[in-house]
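Enquirer: There's a structure below that I have some questions on.
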2 protein chains.
Amino acid sequence: MSIGVAVPEEPQRGRAPSIRDVARLAGVSHQTVSRVLNHHPSIRPETKQRVLDVMGELQYKPNRAARALVTSRSRTLGILSASSTQYGPASSIAAIESAARTAGYWVSTANIESADAASIADALAHLTAQGIEGLVVIAPQVRVFDTLARLEMDVPYVSLQSTGRDEDHALSVDQIAGARMATRHLIELGHRSIYHLAGPQDWIEAEARMRGFLEEMSAQDVATTAPILGDWTAEFGYYAGRELLTVRDFTAIFASNDQMALGLMHAVRDAGLDIPRDVSIIGFDDIPEAAHFWPPLTTVRQDFAELGRRCVALLLGDIGEASTEATGTITPELVVRRSTGAPAF
Amino acid sequence: MSIGVAVPEEPQRGRAPSIRDVARLAGVSHQTVSRVLNHHPSIRPETKQRVLDVMGELQYKPNRAARALVTSRSRTLGILSASSTQYGPASSIAAIESAARTAGYWVSTANIESADAASIADALAHLTAQGIEGLVVIAPQVRVFDTLARLEMDVPYVSLQSTGRDEDHALSVDQIAGARMATRHLIELGHRSIYHLAGPQDWIEAEARMRGFLEEMSAQDVATTAPILGDWTAEFGYYAGRELLTVRDFTAIFASNDQMALGLMHAVRDAGLDIPRDVSIIGFDDIPEAAHFWPPLTTVRQDFAELGRRCVALLLGDIGEASTEATGTITPELVVRRSTGAPAF
DNA sequence: TCTCGGCATGTTCACGGTCACACGCCGGCG
DNA sequence: CGCCGGCGTGTGACCGTGAACATGCCGAGA
């Protein structure tokens, strides 16, 4: 297979039509055209129609750069993302893009490969050089926000978690509740020795899920061991599982995402054990593949798309575009499949 | 968990510094500053240094909009994407973004949810309204290119496959070879009744993989049945598998991507059959999870990142940015795991 | 009837860069 | 000795749009 490039025929009409071209043909001033574009109220309907007709005829399209220059508004949102190849982040990104587009905004993405300060600073510089009006961070947020502060950027940003001080802007997406649901499910099945395979702690979601786990465990008076800090990958889940199984002092594991759960299941099977008879495993996210794992994975579904939409709503509200106080809780949902069951003990 | 917005303290310095501000403080004309910015050769080193110092002091950052306006170059690449939540597309997108950034380009993405013409046209309009200089399509390309032609857009675009006429620009990424490798692997194991679960046919990759399958089958003189056209999802693989198993006149299936392979494996297990003893299954892509499926999936690895990089190189070459004739073949690689074996017959 | 205010529209300027051209200086060459 | 060309720099125009301000007209109120 190959890659092809194609350059369509060039109409050779020098330059794209500007509002002045439209104005000339419509017999009005360029400002009138500008008013039509911006839905100014005081325009006679017939004038407006005439202008619109000419615009259609000329295939006129407003020049974004000129507009951005004069208004000093880019109408662009930036996304700073890590591991954008994973289902969760990718879903949120898609939703953000979609919501932004609906609101007439553009989205520009910068991915970081490594989470070091230089890489973050570089991505951030790239985004701000573009004059983004808002920033969504889907990455190790703690470090990003540090960098953000150090760079003295004055762009409103959202994370998927309030850091505590910005509670007035908070929109609850209750991942803690999701983690508690998962944990409670295991406890209700009769498990008392439960491990938690957490995500990287500078990801606020990971931290929240871990908090939910610990809260529920202590609320139900179940003794708990220190969570294992993972990196979201199936690979890590696999090796962590192998490690854990050398001791095997547990009957269930709550993994912070489905990929790590998958790796765990692999390790458990490798050890010749049965899921869920010997070990119950629960994940988080409900990626589309989870229903087809072996066994189909019990997990917690989150609405990534809704998450993305809310991010955008919040940002735009902050920019002053809309006052959608779209507060309300997105409740995750427990999806019980076949990877969890009562302990054999 | 919740979402938080934060607006950092505003330095209230009215407006960002422009080249004229820099010029004034450096005691030169604004044009000299511009020359420094654009690395013009005829500048005395000491003048240049003075300007650079002032720029640092003022934290001067060039205004992208102003630049784009006067040069009529946006330095932005567009990505039109479908199913960007899948591993393959997401990986390519990330790679494209990274390569573009390195070249000083921005990337703007538009996702389409449904592949209907209206949705495609909308996304395309959004991207062109932004003045993109190049377009990467990761979507049902046939329809996109139709729309592109109908809209008379004059933006260079790349797809992951030459359409045949643009072979001069072709960069071979041999997916046909990959598909042939997969097929040959099955045949060499002794399989003679092999199904192919293909991807949507307006995705050029899907079509190429199917072609590879058919080519190899006929080259090896193995009778073949018509491929089944899927939609890339595990869900589809599962139902297709259930359907196929009602007849069970095959010993192996080549799925066009790993997700569909996963669904197939699920269906096979549901039928109480063993993989690979009763049915061998091979996928395509080698998503990171594939190694942890049950059984670990034999598949064909593609270098999505390299693919993305080449796309960008090709586009920039076409824009005239670089003349990187980065031709060369990206060869996919067969990864043999445990989901394939000799037929039990 | 005169004034005033609002509507519909036009004129001019500003936004922050780049580009084309002009200018003074200096050394080389006819 | 005068002309030419290149170097380092400055001047002014221009890109496409939106905002401030100006203008003419018309109807309402004094």
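Residues in the structure tokens are numbered from 1 in each chain, the chains being A, B, ... in the order shown, and ligands are numbered from 1 in the order shown.
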May I have the residues within 6 Å of region 12-29 of chain D as a PyMOL selection string, using only C-alpha atoms (C1' of nucleotides) and disregarding those fewer than 6 positions away in the same chain?
Expert: (chain A and resi 66-67) or (chain B and resi 69-70)
Enquirer: How would the residues just chosen look if you wrote them out with all heavy atoms as a tab-separated table (two decimals), in the first residue's frame?
Expert:
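Heads up, here's the output in again_37.tsv:
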chain	number	residue	atom	x	y	z
A	66	ALA	N	-7.36	37.19	9.40
A	66	ALA	CA	-7.69	38.62	9.48
A	66	ALA	C	-8.61	38.89	10.66
A	66	ALA	O	-8.44	39.86	11.40
A	66	ALA	CB	-8.35	39.07	8.19
A	67	ARG	N	-9.55	38.00	10.82
A	67	ARG	CA	-10.48	38.14	11.91
A	67	ARG	C	-9.77	38.03	13.25
A	67	ARG	O	-10.00	38.82	14.17
A	67	ARG	CB	-11.51	37.02	11.80
A	67	ARG	CG	-12.88	37.49	12.01
A	67	ARG	CD	-13.84	36.37	11.78
A	67	ARG	NE	-15.01	36.85	11.08
A	67	ARG	CZ	-16.02	36.06	10.74
A	67	ARG	NH1	-15.96	34.77	10.98
A	67	ARG	NH2	-17.07	36.55	10.14
B	69	LEU	N	-1.99	36.37	8.05
B	69	LEU	CA	-2.72	37.32	7.20
B	69	LEU	C	-1.84	37.83	6.07
B	69	LEU	O	-2.23	37.81	4.90
B	69	LEU	CB	-3.21	38.51	8.04
B	69	LEU	CG	-3.91	39.60	7.26
B	69	LEU	CD1	-5.13	39.04	6.55
B	69	LEU	CD2	-4.32	40.73	8.19
B	70	VAL	N	-0.67	38.25	6.42
B	70	VAL	CA	0.17	38.87	5.40
B	70	VAL	C	0.82	37.86	4.46
B	70	VAL	O	1.00	38.13	3.28
B	70	VAL	CB	1.21	39.80	6.05
B	70	VAL	CG1	2.26	38.99	6.77
B	70	VAL	CG2	1.86	40.70	5.03
Enquirer: Based on the backbone DSSP call, show me all residues of region 146-264 of chain A assigned strand (DSSP E or B), as a VMD selection string.
Expert: chain A and resid 157 to 159 171 to 173 194 to 198 228 to 229 252 to 255
Enquirer: Would you mind listing what lies within 8 Å of Leu189 (chain B) as JSON, numbers by chain, with only C-alpha atoms (C1' of nucleotides) counted and same-chain residues fewer than 5 positions away left out?
Expert: {"B": [341, 342, 343]}
Enquirer: Within 8 Å of chain D, which residues of chain B are there when counting only C-alpha atoms (C1' of nucleotides)? Please give them as number ranges by chain.
Expert: B: 29, 31-32, 42-44, 69-71
Enquirer: Using only C-alpha atoms (C1' of nucleotides), find which residues of chain C lie within 10 Å of chain B and jot them down as a list in words.
Expert: DC15, DG16, DG17, DT18 and DC19 of chain C
Enquirer: Can you list, as JSON, numbers by chain, every protein, DNA or RNA residue that comes within 6 Å of region 266-280 of chain B when you count only C-alpha atoms (C1' of nucleotides), leaving out same-chain residues fewer than 6 positions away?
Expert: {"A": [292], "B": [238, 241, 242, 251, 252, 339, 340, 341, 344]}
Enquirer: Produce a file of the selected residues containing N, CA, C and O atoms, as a short mmCIF file (atom, residue, chain, number, x, y, z; two decimals), in the first residue's frame.
Expert:
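Contents of again-v5.cif, as written:
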data_model
loop_
_atom_site.label_atom_id
_atom_site.label_comp_id
_atom_site.auth_asym_id
_atom_site.auth_seq_id
_atom_site.Cartn_x
_atom_site.Cartn_y
_atom_site.Cartn_z
N HIS A 292 -15.58 -8.33 25.03
CA HIS A 292 -15.13 -9.50 24.29
C HIS A 292 -13.86 -10.11 24.84
O HIS A 292 -13.28 -11.00 24.25
N TYR B 238 -17.67 -10.41 16.61
CA TYR B 238 -18.38 -11.39 17.42
C TYR B 238 -19.59 -11.94 16.67
O TYR B 238 -19.78 -13.15 16.55
N GLY B 241 -18.68 -13.92 13.66
CA GLY B 241 -18.19 -15.23 14.08
C GLY B 241 -19.34 -16.17 14.39
O GLY B 241 -19.35 -17.33 13.96
N ARG B 242 -20.31 -15.69 15.12
CA ARG B 242 -21.46 -16.54 15.45
C ARG B 242 -22.15 -17.04 14.19
O ARG B 242 -22.56 -18.19 14.09
N THR B 251 -11.22 -23.46 8.70
CA THR B 251 -10.32 -23.78 9.81
C THR B 251 -9.54 -22.56 10.28
O THR B 251 -8.86 -22.60 11.29
N ALA B 252 -9.67 -21.46 9.52
CA ALA B 252 -8.93 -20.26 9.91
C ALA B 252 -9.64 -19.01 9.40
O ALA B 252 -10.35 -19.06 8.39
N SER B 339 -2.56 -17.66 18.61
CA SER B 339 -3.92 -17.85 18.11
C SER B 339 -3.95 -18.58 16.77
O SER B 339 -5.03 -18.75 16.19
N THR B 340 -2.79 -18.94 16.29
CA THR B 340 -2.75 -19.68 15.03
C THR B 340 -1.96 -20.98 15.20
O THR B 340 -1.00 -21.02 15.97
N GLY B 341 -2.37 -21.99 14.49
CA GLY B 341 -1.69 -23.27 14.55
C GLY B 341 -2.14 -24.15 13.40
O GLY B 341 -2.97 -23.72 12.59
N ALA B 344 -6.60 -29.00 12.96
CA ALA B 344 -6.71 -30.32 13.59
C ALA B 344 -7.13 -31.35 12.56
O ALA B 344 -6.74 -32.49 12.60
#
Enquirer: Write out as a list in words the residues lying within 7 Å of Asp202 (chain A), counting only C-alpha atoms (C1' of nucleotides) and excluding same-chain residues fewer than 5 positions away.
Expert: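 My reading of the contact set: Pro140, Gln141 and Val142 of chain A.
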Enquirer: Take the residues from that selection and put them in a file with all heavy atoms, as a short mmCIF file (atom, residue, chain, number, x, y, z; two decimals), in the first residue's frame.
Expert:
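Saved as again-v2.cif:
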data_model
loop_
_atom_site.label_atom_id
_atom_site.label_comp_id
_atom_site.auth_asym_id
_atom_site.auth_seq_id
_atom_site.Cartn_x
_atom_site.Cartn_y
_atom_site.Cartn_z
N PRO A 140 -0.66 13.91 32.53
CA PRO A 140 -0.32 13.99 33.95
C PRO A 140 -0.49 15.43 34.40
O PRO A 140 0.37 16.26 34.19
CB PRO A 140 1.14 13.56 33.99
CG PRO A 140 1.37 12.81 32.74
CD PRO A 140 0.47 13.44 31.73
N GLN A 141 -1.62 15.68 34.97
CA GLN A 141 -2.01 17.07 35.13
C GLN A 141 -1.19 17.83 36.15
O GLN A 141 -0.96 19.02 36.01
CB GLN A 141 -3.50 17.12 35.47
CG GLN A 141 -4.27 16.63 34.28
CD GLN A 141 -5.59 16.03 34.63
OE1 GLN A 141 -5.97 15.96 35.79
NE2 GLN A 141 -6.31 15.60 33.63
N VAL A 142 -0.77 17.12 37.16
CA VAL A 142 -0.02 17.80 38.19
C VAL A 142 1.18 18.51 37.57
O VAL A 142 1.38 19.71 37.74
CB VAL A 142 0.44 16.80 39.26
CG1 VAL A 142 1.31 17.49 40.28
CG2 VAL A 142 -0.76 16.14 39.91
#
Enquirer: From the list B:Pro227, B:Gly263, B:Pro332, B:Gly178, which residue is nearest chain A when using only C-alpha atoms?
Expert: B:Gly263
Enquirer: Ranking A:Arg310, A:Arg301, A:Arg248, A:Arg180 by minimum distance to Gly88 (chain A) and counting only C-alpha atoms, which one comes first?
Expert: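 Checking each of A:Arg310, A:Arg301, A:Arg248, A:Arg180 against Gly88 (chain A), counting only C-alpha atoms, the winner is A:Arg301.
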Enquirer: Quick one, how far is CA of Gly78 (chain B) from CA of Thr128 (chain B)?
Expert: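 Separating CA of Gly78 (chain B) from CA of Thr128 (chain B) is a distance of 8.2 Å.
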Enquirer: Determine which residues of region 146-273 of chain B receive a DSSP assignment of alpha helix (DSSP H), computed from the backbone, and state them as a count of residues only.
Expert: 61
Enquirer: Identify, on the basis of only C-alpha atoms (C1' of nucleotides), every residue whose closest approach to Glu216 (chain B) does not exceed 9 Å; exclude the query and any residue fewer than 5 positions from it along the same chain; express the result as a ChimeraX atom specification.
Expert: /B:179-181,183-184,211,221-222
Enquirer: Could you give me, as a ChimeraX atom specification, the residues within 9 Å of region 96-101 of chain A, counting only C-alpha atoms (C1' of nucleotides) and dropping anything in the same chain fewer than 5 positions from it?
Expert: /A:76-77,79,91,106-108,136,305-313,316 /B:109-113,123,126
Enquirer: As an exercise, work out the distance from CA of Arg15 (chain B) to CA of Gln59 (chain B) in Å and give it to one decimal place.
Expert: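 Separating CA of Arg15 (chain B) from CA of Gln59 (chain B) is a distance of 12.1 Å.
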